[in-house]
$ cat final-v9.csv   # CSV, N, CA and C atoms
chain,number,residue,atom,x,y,z
A,1,MET,N,40.0,15.9,46.8
A,1,MET,CA,39.2,15.2,47.8
A,1,MET,C,37.7,15.2,47.4
A,2,ILE,N,37.1,14.1,47.6
A,2,ILE,CA,35.7,14.0,47.4
A,2,ILE,C,35.0,13.8,48.7
A,3,GLU,N,34.0,14.6,49.0
A,3,GLU,CA,33.2,14.5,50.2
A,3,GLU,C,31.8,14.1,49.8
A,4,LEU,N,31.3,13.0,50.3
A,4,LEU,CA,30.0,12.5,50.0
A,4,LEU,C,29.0,13.4,50.7
A,5,LEU,N,27.9,13.7,50.0
A,5,LEU,CA,26.8,14.6,50.5
A,5,LEU,C,25.6,13.8,50.8
A,6,ASP,N,25.0,13.9,51.9
A,6,ASP,CA,23.8,13.2,52.3
A,6,ASP,C,22.6,14.1,51.9
A,7,LEU,N,22.1,13.9,50.7
A,7,LEU,CA,21.1,14.7,50.1
A,7,LEU,C,19.7,14.3,50.4
A,8,GLN,N,19.5,13.1,51.0
A,8,GLN,CA,18.2,12.5,51.3
A,8,GLN,C,17.3,12.4,50.1
A,9,LEU,N,17.9,12.1,48.9
A,9,LEU,CA,17.2,11.9,47.7
A,9,LEU,C,17.3,10.5,47.2
A,10,PRO,N,16.2,9.7,47.2
A,10,PRO,CA,16.3,8.3,46.8
A,10,PRO,C,17.0,8.1,45.4
A,11,GLY,N,18.0,7.2,45.4
A,11,GLY,CA,18.7,6.9,44.2
A,11,GLY,C,19.8,7.9,43.8
A,12,VAL,N,20.0,8.9,44.6
A,12,VAL,CA,21.0,10.0,44.3
A,12,VAL,C,22.3,9.8,45.1
A,13,VAL,N,23.4,9.7,44.5
A,13,VAL,CA,24.7,9.8,45.2
A,13,VAL,C,25.2,11.2,45.0
A,14,GLY,N,25.4,11.9,46.1
A,14,GLY,CA,25.8,13.3,46.0
A,14,GLY,C,27.3,13.4,46.5
A,15,MET,N,28.0,14.3,45.9
A,15,MET,CA,29.4,14.5,46.3
A,15,MET,C,29.8,16.0,46.0
A,16,ARG,N,30.9,16.4,46.7
A,16,ARG,CA,31.5,17.6,46.5
A,16,ARG,C,33.0,17.4,46.2
A,17,ILE,N,33.5,17.9,45.1
A,17,ILE,CA,34.9,17.7,44.7
A,17,ILE,C,35.6,19.0,45.0
A,18,CYS,N,36.7,18.9,45.7
A,18,CYS,CA,37.6,20.0,46.0
A,18,CYS,C,39.0,19.6,46.1
A,19,GLY,N,39.8,20.0,45.2
A,19,GLY,CA,41.2,19.6,45.3
A,19,GLY,C,41.5,18.4,44.4
A,20,ARG,N,42.5,17.6,44.9
A,20,ARG,CA,43.0,16.4,44.1
A,20,ARG,C,42.2,15.2,44.5
A,21,VAL,N,41.8,14.4,43.5
A,21,VAL,CA,41.0,13.1,43.7
A,21,VAL,C,42.0,12.0,43.8
A,22,GLU,N,41.9,11.2,44.8
A,22,GLU,CA,42.7,10.0,45.1
A,22,GLU,C,41.9,8.7,45.0
A,23,LYS,N,42.6,7.6,45.0
A,23,LYS,CA,41.9,6.3,44.9
A,23,LYS,C,40.9,6.1,46.1
A,24,ALA,N,41.3,6.5,47.3
A,24,ALA,CA,40.4,6.3,48.4
A,24,ALA,C,39.1,7.1,48.2
A,25,ASP,N,39.1,8.2,47.5
A,25,ASP,CA,37.9,9.0,47.2
A,25,ASP,C,37.0,8.2,46.3
A,26,ILE,N,37.6,7.6,45.3
A,26,ILE,CA,36.8,6.8,44.3
A,26,ILE,C,36.2,5.6,45.0
A,27,LEU,N,36.9,5.0,45.9
A,27,LEU,CA,36.4,3.8,46.6
A,27,LEU,C,35.2,4.2,47.4
A,28,ARG,N,35.3,5.3,48.1
A,28,ARG,CA,34.1,5.8,48.9
A,28,ARG,C,32.9,6.0,48.0
A,29,VAL,N,33.1,6.6,46.9
A,29,VAL,CA,32.0,6.9,46.0
A,29,VAL,C,31.4,5.6,45.4
A,30,ALA,N,32.3,4.7,45.1
A,30,ALA,CA,31.9,3.4,44.5
A,30,ALA,C,31.1,2.6,45.6
A,31,ARG,N,31.5,2.6,46.8
A,31,ARG,CA,30.7,2.0,47.9
A,31,ARG,C,29.3,2.6,48.0
A,32,ALA,N,29.2,3.9,47.9
A,32,ALA,CA,27.9,4.6,48.0
A,32,ALA,C,27.1,4.2,46.8
A,33,ALA,N,27.7,4.1,45.6
A,33,ALA,CA,26.9,3.8,44.4
A,33,ALA,C,26.5,2.3,44.5
A,34,GLU,N,27.3,1.4,45.0
A,34,GLU,CA,26.9,0.0,45.1
A,34,GLU,C,25.7,-0.1,46.1
A,35,GLU,N,25.8,0.6,47.1
A,35,GLU,CA,24.7,0.6,48.1
A,35,GLU,C,23.3,1.1,47.4
A,36,THR,N,23.4,2.1,46.6
A,36,THR,CA,22.3,2.6,45.9
A,36,THR,C,21.7,1.6,44.9
A,37,LEU,N,22.6,1.0,44.2
A,37,LEU,CA,22.2,-0.1,43.3
A,37,LEU,C,21.6,-1.3,44.0
A,38,SER,N,22.1,-1.6,45.1
A,38,SER,CA,21.6,-2.8,45.9
A,38,SER,C,20.1,-2.5,46.3
A,39,ARG,N,19.7,-1.3,46.4
A,39,ARG,CA,18.4,-0.9,46.8
A,39,ARG,C,17.4,-0.8,45.6
A,40,GLY,N,18.0,-1.2,44.4
A,40,GLY,CA,17.1,-1.3,43.2
A,40,GLY,C,17.0,0.0,42.4
A,41,PHE,N,17.8,1.0,42.7
A,41,PHE,CA,17.8,2.2,42.0
A,41,PHE,C,18.7,2.2,40.8
A,42,LYS,N,18.4,3.0,39.8
A,42,LYS,CA,19.4,3.4,38.8
A,42,LYS,C,20.2,4.5,39.4
A,43,LEU,N,21.5,4.7,39.0
A,43,LEU,CA,22.3,5.7,39.7
A,43,LEU,C,22.0,7.1,39.1
A,44,LYS,N,21.8,8.0,40.0
A,44,LYS,CA,21.7,9.4,39.7
A,44,LYS,C,22.8,10.1,40.5
A,45,VAL,N,23.6,10.9,39.8
A,45,VAL,CA,24.8,11.4,40.5
A,45,VAL,C,24.7,13.0,40.5
A,46,TYR,N,24.9,13.5,41.7
A,46,TYR,CA,24.9,15.0,41.9
A,46,TYR,C,26.3,15.4,42.3
A,47,VAL,N,26.9,16.3,41.6
A,47,VAL,CA,28.3,16.7,41.8
A,47,VAL,C,28.4,18.2,42.0
A,48,GLU,N,29.0,18.7,43.1
A,48,GLU,CA,29.3,20.1,43.3
A,48,GLU,C,30.9,20.1,43.1
A,49,LEU,N,31.3,20.7,42.0
A,49,LEU,CA,32.7,20.8,41.6
A,49,LEU,C,33.2,22.2,42.0
A,50,GLU,N,33.8,22.2,43.2
A,50,GLU,CA,34.4,23.5,43.7
A,50,GLU,C,35.7,23.8,43.0
A,51,SER,N,36.6,22.7,43.0
A,51,SER,CA,37.9,22.9,42.3
A,51,SER,C,38.4,21.4,42.0
A,52,LEU,N,39.2,21.3,41.0
A,52,LEU,CA,39.8,20.0,40.6
A,52,LEU,C,41.2,20.3,40.3
A,53,GLU,N,42.1,19.8,41.2
A,53,GLU,CA,43.5,20.0,41.0
A,53,GLU,C,44.2,18.7,40.5
A,54,GLY,N,43.4,17.9,39.9
A,54,GLY,CA,44.0,16.7,39.3
A,54,GLY,C,43.4,15.4,39.9
A,55,VAL,N,43.7,14.3,39.2
A,55,VAL,CA,43.2,13.0,39.6
A,55,VAL,C,44.4,12.1,39.5
A,56,SER,N,44.7,11.3,40.6
A,56,SER,CA,45.8,10.4,40.6
A,56,SER,C,45.6,9.3,39.6
A,57,LEU,N,46.6,8.7,39.1
A,57,LEU,CA,46.5,7.6,38.1
A,57,LEU,C,45.7,6.4,38.8
A,58,GLU,N,46.0,6.2,40.0
A,58,GLU,CA,45.2,5.1,40.8
A,58,GLU,C,43.7,5.4,40.8
A,59,ALA,N,43.4,6.7,41.1
A,59,ALA,CA,42.0,7.1,41.1
A,59,ALA,C,41.3,6.9,39.8
A,60,PHE,N,42.0,7.3,38.7
A,60,PHE,CA,41.5,7.2,37.4
A,60,PHE,C,41.2,5.7,37.0
A,61,VAL,N,42.2,4.8,37.4
A,61,VAL,CA,42.0,3.4,37.1
A,61,VAL,C,40.8,2.8,37.9
A,62,GLU,N,40.7,3.2,39.2
A,62,GLU,CA,39.7,2.7,40.0
A,62,GLU,C,38.3,3.2,39.5
A,63,ASP,N,38.2,4.5,39.1
A,63,ASP,CA,37.0,5.0,38.5
A,63,ASP,C,36.6,4.2,37.3
A,64,LEU,N,37.5,3.9,36.4
A,64,LEU,CA,37.2,3.1,35.2
A,64,LEU,C,36.7,1.7,35.7
A,65,ARG,N,37.4,1.1,36.6
A,65,ARG,CA,37.1,-0.2,37.1
A,65,ARG,C,35.7,-0.3,37.6
A,66,PHE,N,35.2,0.7,38.2
A,66,PHE,CA,33.8,0.7,38.7
A,66,PHE,C,32.9,1.1,37.6
A,67,ALA,N,33.1,2.2,36.9
A,67,ALA,CA,32.2,2.7,36.0
A,67,ALA,C,31.9,1.9,34.7
A,68,LEU,N,32.9,1.3,34.1
A,68,LEU,CA,32.7,0.6,32.9
A,68,LEU,C,31.7,-0.6,33.0
A,69,PRO,N,31.8,-1.4,34.1
A,69,PRO,CA,30.7,-2.5,34.2
A,69,PRO,C,29.3,-2.0,34.5
A,70,HIS,N,29.3,-0.7,35.0
A,70,HIS,CA,28.0,-0.2,35.4
A,70,HIS,C,27.4,0.9,34.5
A,71,LEU,N,27.9,1.0,33.3
A,71,LEU,CA,27.5,2.0,32.4
A,71,LEU,C,26.0,2.1,32.2
A,72,THR,N,25.3,0.9,32.2
A,72,THR,CA,23.9,0.9,32.0
A,72,THR,C,23.1,1.1,33.3
A,73,ASP,N,23.8,1.2,34.4
A,73,ASP,CA,23.2,1.5,35.7
A,73,ASP,C,23.1,3.0,36.0
A,74,PHE,N,23.7,3.8,35.2
A,74,PHE,CA,23.6,5.3,35.4
A,74,PHE,C,22.4,5.8,34.7
A,75,LYS,N,21.7,6.8,35.3
A,75,LYS,CA,20.6,7.4,34.7
A,75,LYS,C,20.8,8.9,34.4
A,76,LYS,N,21.3,9.6,35.4
A,76,LYS,CA,21.5,11.1,35.3
A,76,LYS,C,22.7,11.5,36.1
A,77,LYS,N,23.2,12.6,35.6
A,77,LYS,CA,24.3,13.3,36.3
A,77,LYS,C,24.2,14.8,36.3
A,78,ALA,N,24.1,15.4,37.4
A,78,ALA,CA,24.0,16.9,37.5
A,78,ALA,C,25.3,17.4,38.0
A,79,VAL,N,25.9,18.3,37.3
A,79,VAL,CA,27.2,18.9,37.8
A,79,VAL,C,27.0,20.4,38.0
A,80,VAL,N,27.3,20.8,39.3
A,80,VAL,CA,27.2,22.2,39.6
A,80,VAL,C,28.6,22.8,39.8
A,81,SER,N,28.8,23.9,39.0
A,81,SER,CA,30.1,24.5,39.1
A,81,SER,C,30.1,25.9,38.3
A,82,ASP,N,31.2,26.6,38.4
A,82,ASP,CA,31.3,27.8,37.7
A,82,ASP,C,32.1,27.6,36.4
A,83,LYS,N,32.4,26.4,36.0
A,83,LYS,CA,33.2,26.1,34.9
A,83,LYS,C,32.3,25.9,33.6
A,84,GLY,N,32.2,26.9,32.8
A,84,GLY,CA,31.3,26.9,31.6
A,84,GLY,C,31.6,25.8,30.7
A,85,TRP,N,32.9,25.4,30.6
A,85,TRP,CA,33.3,24.3,29.6
A,85,TRP,C,32.7,23.0,30.0
A,86,LEU,N,32.2,22.8,31.2
A,86,LEU,CA,31.5,21.6,31.6
A,86,LEU,C,30.2,21.4,30.9
A,87,THR,N,29.6,22.5,30.4
A,87,THR,CA,28.4,22.4,29.7
A,87,THR,C,28.6,21.6,28.4
A,88,ARG,N,29.7,21.9,27.7
A,88,ARG,CA,30.1,21.3,26.4
A,88,ARG,C,30.5,19.8,26.7
A,89,LEU,N,31.2,19.6,27.8
A,89,LEU,CA,31.6,18.2,28.2
A,89,LEU,C,30.4,17.4,28.4
A,90,GLY,N,29.4,17.9,29.1
A,90,GLY,CA,28.2,17.2,29.4
A,90,GLY,C,27.5,16.8,28.1
A,91,GLU,N,27.4,17.7,27.1
A,91,GLU,CA,26.8,17.5,25.9
A,91,GLU,C,27.5,16.3,25.1
A,92,MET,N,28.9,16.4,25.2
A,92,MET,CA,29.7,15.3,24.5
A,92,MET,C,29.4,14.0,25.2
A,93,THR,N,29.4,14.0,26.5
A,93,THR,CA,29.2,12.7,27.3
A,93,THR,C,27.8,12.1,26.9
A,94,SER,N,26.8,13.0,26.8
A,94,SER,CA,25.5,12.5,26.4
A,94,SER,C,25.5,11.9,25.0
A,95,ARG,N,26.3,12.4,24.1
A,95,ARG,CA,26.4,11.8,22.8
A,95,ARG,C,27.0,10.4,22.8
A,96,PHE,N,28.1,10.2,23.6
A,96,PHE,CA,28.8,9.0,23.7
A,96,PHE,C,28.0,7.9,24.5
A,97,PHE,N,27.3,8.4,25.5
A,97,PHE,CA,26.6,7.5,26.4
A,97,PHE,C,25.1,8.0,26.5
A,98,PRO,N,24.3,7.8,25.5
A,98,PRO,CA,23.0,8.4,25.4
A,98,PRO,C,22.0,7.9,26.5
A,99,ALA,N,22.3,6.8,27.2
A,99,ALA,CA,21.5,6.4,28.3
A,99,ALA,C,21.6,7.2,29.5
A,100,ILE,N,22.7,8.1,29.6
A,100,ILE,CA,23.0,8.9,30.7
A,100,ILE,C,22.7,10.4,30.4
A,101,GLU,N,21.8,11.0,31.1
A,101,GLU,CA,21.5,12.4,30.9
A,101,GLU,C,22.5,13.2,31.8
A,102,VAL,N,23.2,14.1,31.2
A,102,VAL,CA,24.2,14.9,31.9
A,102,VAL,C,23.8,16.4,31.7
A,103,ARG,N,23.7,17.1,32.8
A,103,ARG,CA,23.4,18.6,32.7
A,103,ARG,C,24.4,19.3,33.6
A,104,HIS,N,24.8,20.5,33.2
A,104,HIS,CA,25.6,21.4,34.0
A,104,HIS,C,24.7,22.5,34.5
A,105,PHE,N,25.0,22.9,35.8
A,105,PHE,CA,24.2,24.0,36.4
A,105,PHE,C,25.2,24.9,37.1
A,106,SER,N,24.9,26.2,37.1
A,106,SER,CA,25.7,27.2,37.9
A,106,SER,C,25.4,27.1,39.3
A,107,TRP,N,26.2,27.7,40.2
A,107,TRP,CA,26.0,27.7,41.6
A,107,TRP,C,24.7,28.3,42.0
A,108,GLU,N,24.2,29.3,41.2
A,108,GLU,CA,22.9,29.9,41.5
A,108,GLU,C,21.8,28.9,41.2
A,109,GLU,N,22.0,27.9,40.4
A,109,GLU,CA,21.0,26.9,40.0
A,109,GLU,C,21.1,25.6,40.8
A,110,LYS,N,21.8,25.6,42.0
A,110,LYS,CA,22.1,24.4,42.8
A,110,LYS,C,20.8,23.7,43.1
A,111,GLN,N,19.8,24.4,43.6
A,111,GLN,CA,18.6,23.8,44.0
A,111,GLN,C,17.9,23.1,42.8
A,112,GLN,N,17.9,23.8,41.6
A,112,GLN,CA,17.3,23.2,40.4
A,112,GLN,C,18.1,22.0,40.0
A,113,ALA,N,19.4,21.9,40.2
A,113,ALA,CA,20.2,20.7,39.9
A,113,ALA,C,19.7,19.6,40.8
A,114,ARG,N,19.5,19.8,42.0
A,114,ARG,CA,19.1,18.8,42.9
A,114,ARG,C,17.7,18.3,42.6
A,115,GLU,N,16.8,19.2,42.2
A,115,GLU,CA,15.4,18.8,41.8
A,115,GLU,C,15.5,18.0,40.5
A,116,TRP,N,16.3,18.4,39.6
A,116,TRP,CA,16.4,17.8,38.3
A,116,TRP,C,16.9,16.3,38.4
A,117,VAL,N,18.0,16.2,39.2
A,117,VAL,CA,18.6,14.9,39.3
A,117,VAL,C,17.7,13.9,40.1
A,118,ALA,N,16.9,14.4,41.0
A,118,ALA,CA,16.0,13.6,41.7
A,118,ALA,C,14.8,13.1,40.9
A,119,SER,N,14.5,13.9,39.9
A,119,SER,CA,13.3,13.6,39.1
A,119,SER,C,13.4,12.3,38.2

$ encode --input "final-v9.csv" --output "structure tokens"
Amino acid sequence: MIELLDLQLPGVVGMRICGRVEKADILRVARAAEETLSRGFKLKVYVELESLEGVSLEAFVEDLRFALPHLTDFKKKAVVSDKGWLTRLGEMTSRFFPAIEVRHFSWEEKQQAREWVAS
């Protein structure tokens, strides 16, 4: 499940992931992202990853359907979690998509993550 977070940060789409991600979750996030884009912002994404128990095939397809045409619309992504391997994944993502800055933060660095993604 993805819960949208109202961070009150211009241009930032915030979310908390806990459990399994379904198509309806991706559609909610895509609507929030489209709204942000319509206001003239580049997308900055803030994610609190509590747990991930999988992504349905429909959610994966919907995510690609939204993200691929918008690759140049993304600016930053901050991921907060206790999963150290996400640091390496962020580094790899930055190599493949150099226009998108991706950083991983620990739970203790949550406020720093919000400040970084908003900058």

$ residues_around --input "final-v9.csv" --residues "range 18-28 of chain A" --least-positions-apart "4" --cutoff "6 Å" --atoms "all atoms listed in the file" --output "list in words"
Met1, Ile2, Ala32, Glu50, Ser51, Leu52, Glu53, Gly54, Val55, Ser56, Glu58, Ala59 and Asp63 of chain A

$ atom_distance --input "final-v9.csv" --atom1 "CA of Ser38 in chain A" --atom2 "CA of Leu7 in chain A"
18.0 Å

$ select_by_dssp --input "final-v9.csv" --residues "chain A" --states "alpha helix (DSSP H)" --output "ChimeraX atom specification"
/A:23-38,57-67,85-96,110-118

$ atom_distance --input "final-v9.csv" --atom1 "atom N of Ala33 in chain A" --atom2 "atom N of Asp82 in chain A"
23.9 Å

$ atom_distance --input "final-v9.csv" --atom1 "atom C of Trp116 in chain A" --atom2 "CA of Pro69 in chain A"
23.7 Å

$ residues_around --input "final-v9.csv" --residues "range 106-110 of chain A" --least-positions-apart "2" --cutoff "6 Å" --atoms "only C-alpha atoms" --output "mmCIF file with N, CA and C atoms, in the frame of the given file"
data_model
loop_
_atom_site.group_PDB
_atom_site.id
_atom_site.type_symbol
_atom_site.label_atom_id
_atom_site.label_comp_id
_atom_site.auth_asym_id
_atom_site.auth_seq_id
_atom_site.Cartn_x
_atom_site.Cartn_y
_atom_site.Cartn_z
ATOM 1 N N VAL A 80 27.300 20.800 39.300
ATOM 2 C CA VAL A 80 27.200 22.200 39.600
ATOM 3 C C VAL A 80 28.600 22.800 39.800
ATOM 4 N N SER A 81 28.800 23.900 39.000
ATOM 5 C CA SER A 81 30.100 24.500 39.100
ATOM 6 C C SER A 81 30.100 25.900 38.300
ATOM 7 N N ASP A 82 31.200 26.600 38.400
ATOM 8 C CA ASP A 82 31.300 27.800 37.700
ATOM 9 C C ASP A 82 32.100 27.600 36.400
ATOM 10 N N GLN A 112 17.900 23.800 41.600
ATOM 11 C CA GLN A 112 17.300 23.200 40.400
ATOM 12 C C GLN A 112 18.100 22.000 40.000
ATOM 13 N N ALA A 113 19.400 21.900 40.200
ATOM 14 C CA ALA A 113 20.200 20.700 39.900
ATOM 15 C C ALA A 113 19.700 19.600 40.800
#

$ residues_near_point --input "final-v9.csv" --point "(31.8, 11.4, 51.9)" --cutoff "8 Å" --atoms "all atoms listed in the file" --output "ChimeraX atom specification"
/A:2-6,14-16,28-29

$ closest_residue --input "final-v9.csv" --among "A:Ala99, A:Ala78, A:Val117, A:Val13" --to "Leu49 in chain A" --atoms "only C-alpha atoms"
A:Ala78

$ select_by_dssp --input "final-v9.csv" --residues "chain A" --states "strand (DSSP E)" --output "number ranges by chain"
A: 2-5, 12-21, 43-55, 74-80, 101-105

$ write_last_selection --input "final-v9.csv" --atoms "N, CA and C atoms" --output "JSON list (two decimals), in the frame of the given file"
[["chain", "number", "residue", "atom", "x", "y", "z"],
["A", 2, "ILE", "N", 37.10, 14.10, 47.60],
["A", 2, "ILE", "CA", 35.70, 14.00, 47.40],
["A", 2, "ILE", "C", 35.00, 13.80, 48.70],
["A", 3, "GLU", "N", 34.00, 14.60, 49.00],
["A", 3, "GLU", "CA", 33.20, 14.50, 50.20],
["A", 3, "GLU", "C", 31.80, 14.10, 49.80],
["A", 4, "LEU", "N", 31.30, 13.00, 50.30],
["A", 4, "LEU", "CA", 30.00, 12.50, 50.00],
["A", 4, "LEU", "C", 29.00, 13.40, 50.70],
["A", 5, "LEU", "N", 27.90, 13.70, 50.00],
["A", 5, "LEU", "CA", 26.80, 14.60, 50.50],
["A", 5, "LEU", "C", 25.60, 13.80, 50.80],
["A", 12, "VAL", "N", 20.00, 8.90, 44.60],
["A", 12, "VAL", "CA", 21.00, 10.00, 44.30],
["A", 12, "VAL", "C", 22.30, 9.80, 45.10],
["A", 13, "VAL", "N", 23.40, 9.70, 44.50],
["A", 13, "VAL", "CA", 24.70, 9.80, 45.20],
["A", 13, "VAL", "C", 25.20, 11.20, 45.00],
["A", 14, "GLY", "N", 25.40, 11.90, 46.10],
["A", 14, "GLY", "CA", 25.80, 13.30, 46.00],
["A", 14, "GLY", "C", 27.30, 13.40, 46.50],
["A", 15, "MET", "N", 28.00, 14.30, 45.90],
["A", 15, "MET", "CA", 29.40, 14.50, 46.30],
["A", 15, "MET", "C", 29.80, 16.00, 46.00],
["A", 16, "ARG", "N", 30.90, 16.40, 46.70],
["A", 16, "ARG", "CA", 31.50, 17.60, 46.50],
["A", 16, "ARG", "C", 33.00, 17.40, 46.20],
["A", 17, "ILE", "N", 33.50, 17.90, 45.10],
["A", 17, "ILE", "CA", 34.90, 17.70, 44.70],
["A", 17, "ILE", "C", 35.60, 19.00, 45.00],
["A", 18, "CYS", "N", 36.70, 18.90, 45.70],
["A", 18, "CYS", "CA", 37.60, 20.00, 46.00],
["A", 18, "CYS", "C", 39.00, 19.60, 46.10],
["A", 19, "GLY", "N", 39.80, 20.00, 45.20],
["A", 19, "GLY", "CA", 41.20, 19.60, 45.30],
["A", 19, "GLY", "C", 41.50, 18.40, 44.40],
["A", 20, "ARG", "N", 42.50, 17.60, 44.90],
["A", 20, "ARG", "CA", 43.00, 16.40, 44.10],
["A", 20, "ARG", "C", 42.20, 15.20, 44.50],
["A", 21, "VAL", "N", 41.80, 14.40, 43.50],
["A", 21, "VAL", "CA", 41.00, 13.10, 43.70],
["A", 21, "VAL", "C", 42.00, 12.00, 43.80],
["A", 43, "LEU", "N", 21.50, 4.70, 39.00],
["A", 43, "LEU", "CA", 22.30, 5.70, 39.70],
["A", 43, "LEU", "C", 22.00, 7.10, 39.10],
["A", 44, "LYS", "N", 21.80, 8.00, 40.00],
["A", 44, "LYS", "CA", 21.70, 9.40, 39.70],
["A", 44, "LYS", "C", 22.80, 10.10, 40.50],
["A", 45, "VAL", "N", 23.60, 10.90, 39.80],
["A", 45, "VAL", "CA", 24.80, 11.40, 40.50],
["A", 45, "VAL", "C", 24.70, 13.00, 40.50],
["A", 46, "TYR", "N", 24.90, 13.50, 41.70],
["A", 46, "TYR", "CA", 24.90, 15.00, 41.90],
["A", 46, "TYR", "C", 26.30, 15.40, 42.30],
["A", 47, "VAL", "N", 26.90, 16.30, 41.60],
["A", 47, "VAL", "CA", 28.30, 16.70, 41.80],
["A", 47, "VAL", "C", 28.40, 18.20, 42.00],
["A", 48, "GLU", "N", 29.00, 18.70, 43.10],
["A", 48, "GLU", "CA", 29.30, 20.10, 43.30],
["A", 48, "GLU", "C", 30.90, 20.10, 43.10],
["A", 49, "LEU", "N", 31.30, 20.70, 42.00],
["A", 49, "LEU", "CA", 32.70, 20.80, 41.60],
["A", 49, "LEU", "C", 33.20, 22.20, 42.00],
["A", 50, "GLU", "N", 33.80, 22.20, 43.20],
["A", 50, "GLU", "CA", 34.40, 23.50, 43.70],
["A", 50, "GLU", "C", 35.70, 23.80, 43.00],
["A", 51, "SER", "N", 36.60, 22.70, 43.00],
["A", 51, "SER", "CA", 37.90, 22.90, 42.30],
["A", 51, "SER", "C", 38.40, 21.40, 42.00],
["A", 52, "LEU", "N", 39.20, 21.30, 41.00],
["A", 52, "LEU", "CA", 39.80, 20.00, 40.60],
["A", 52, "LEU", "C", 41.20, 20.30, 40.30],
["A", 53, "GLU", "N", 42.10, 19.80, 41.20],
["A", 53, "GLU", "CA", 43.50, 20.00, 41.00],
["A", 53, "GLU", "C", 44.20, 18.70, 40.50],
["A", 54, "GLY", "N", 43.40, 17.90, 39.90],
["A", 54, "GLY", "CA", 44.00, 16.70, 39.30],
["A", 54, "GLY", "C", 43.40, 15.40, 39.90],
["A", 55, "VAL", "N", 43.70, 14.30, 39.20],
["A", 55, "VAL", "CA", 43.20, 13.00, 39.60],
["A", 55, "VAL", "C", 44.40, 12.10, 39.50],
["A", 74, "PHE", "N", 23.70, 3.80, 35.20],
["A", 74, "PHE", "CA", 23.60, 5.30, 35.40],
["A", 74, "PHE", "C", 22.40, 5.80, 34.70],
["A", 75, "LYS", "N", 21.70, 6.80, 35.30],
["A", 75, "LYS", "CA", 20.60, 7.40, 34.70],
["A", 75, "LYS", "C", 20.80, 8.90, 34.40],
["A", 76, "LYS", "N", 21.30, 9.60, 35.40],
["A", 76, "LYS", "CA", 21.50, 11.10, 35.30],
["A", 76, "LYS", "C", 22.70, 11.50, 36.10],
["A", 77, "LYS", "N", 23.20, 12.60, 35.60],
["A", 77, "LYS", "CA", 24.30, 13.30, 36.30],
["A", 77, "LYS", "C", 24.20, 14.80, 36.30],
["A", 78, "ALA", "N", 24.10, 15.40, 37.40],
["A", 78, "ALA", "CA", 24.00, 16.90, 37.50],
["A", 78, "ALA", "C", 25.30, 17.40, 38.00],
["A", 79, "VAL", "N", 25.90, 18.30, 37.30],
["A", 79, "VAL", "CA", 27.20, 18.90, 37.80],
["A", 79, "VAL", "C", 27.00, 20.40, 38.00],
["A", 80, "VAL", "N", 27.30, 20.80, 39.30],
["A", 80, "VAL", "CA", 27.20, 22.20, 39.60],
["A", 80, "VAL", "C", 28.60, 22.80, 39.80],
["A", 101, "GLU", "N", 21.80, 11.00, 31.10],
["A", 101, "GLU", "CA", 21.50, 12.40, 30.90],
["A", 101, "GLU", "C", 22.50, 13.20, 31.80],
["A", 102, "VAL", "N", 23.20, 14.10, 31.20],
["A", 102, "VAL", "CA", 24.20, 14.90, 31.90],
["A", 102, "VAL", "C", 23.80, 16.40, 31.70],
["A", 103, "ARG", "N", 23.70, 17.10, 32.80],
["A", 103, "ARG", "CA", 23.40, 18.60, 32.70],
["A", 103, "ARG", "C", 24.40, 19.30, 33.60],
["A", 104, "HIS", "N", 24.80, 20.50, 33.20],
["A", 104, "HIS", "CA", 25.60, 21.40, 34.00],
["A", 104, "HIS", "C", 24.70, 22.50, 34.50],
["A", 105, "PHE", "N", 25.00, 22.90, 35.80],
["A", 105, "PHE", "CA", 24.20, 24.00, 36.40],
["A", 105, "PHE", "C", 25.20, 24.90, 37.10]]

$ closest_residue --input "final-v9.csv" --among "A:Leu43, A:Leu9, A:Ala118, A:Ile100" --to "Asp73 in chain A" --atoms "all atoms listed in the file"
A:Leu43

$ closest_residue --input "final-v9.csv" --among "A:Pro10, A:Ile17, A:Val79, A:Leu68" --to "Tyr46 in chain A" --atoms "only C-alpha atoms"
A:Val79

$ closest_residue --input "final-v9.csv" --among "A:Leu57, A:Leu64, A:Gly11, A:Lys77" --to "Thr36 in chain A" --atoms "only C-alpha atoms"
A:Gly11

$ decode --input "final-v9.csv" --residues "range 6-20 of chain A" --atoms "C-alpha atoms" --output "short mmCIF file (atom, residue, chain, number, x, y, z; two decimals), in the first residue's frame"
data_model
loop_
_atom_site.label_atom_id
_atom_site.label_comp_id
_atom_site.auth_asym_id
_atom_site.auth_seq_id
_atom_site.Cartn_x
_atom_site.Cartn_y
_atom_site.Cartn_z
CA ASP A 6 1.09 15.95 2.64
CA LEU A 7 4.55 17.41 3.25
CA GLN A 8 3.65 21.00 2.34
CA LEU A 9 6.82 21.23 0.23
CA PRO A 10 6.39 22.82 -3.22
CA GLY A 11 7.04 20.36 -6.04
CA VAL A 12 7.45 17.37 -3.70
CA VAL A 13 5.26 14.28 -3.94
CA GLY A 14 5.57 12.42 -0.63
CA MET A 15 4.59 8.83 0.06
CA ARG A 16 4.93 6.01 2.56
CA ILE A 17 5.17 2.44 1.28
CA CYS A 18 4.10 -0.37 3.56
CA GLY A 19 3.18 -3.82 2.28
CA ARG A 20 2.19 -4.78 -1.26
#
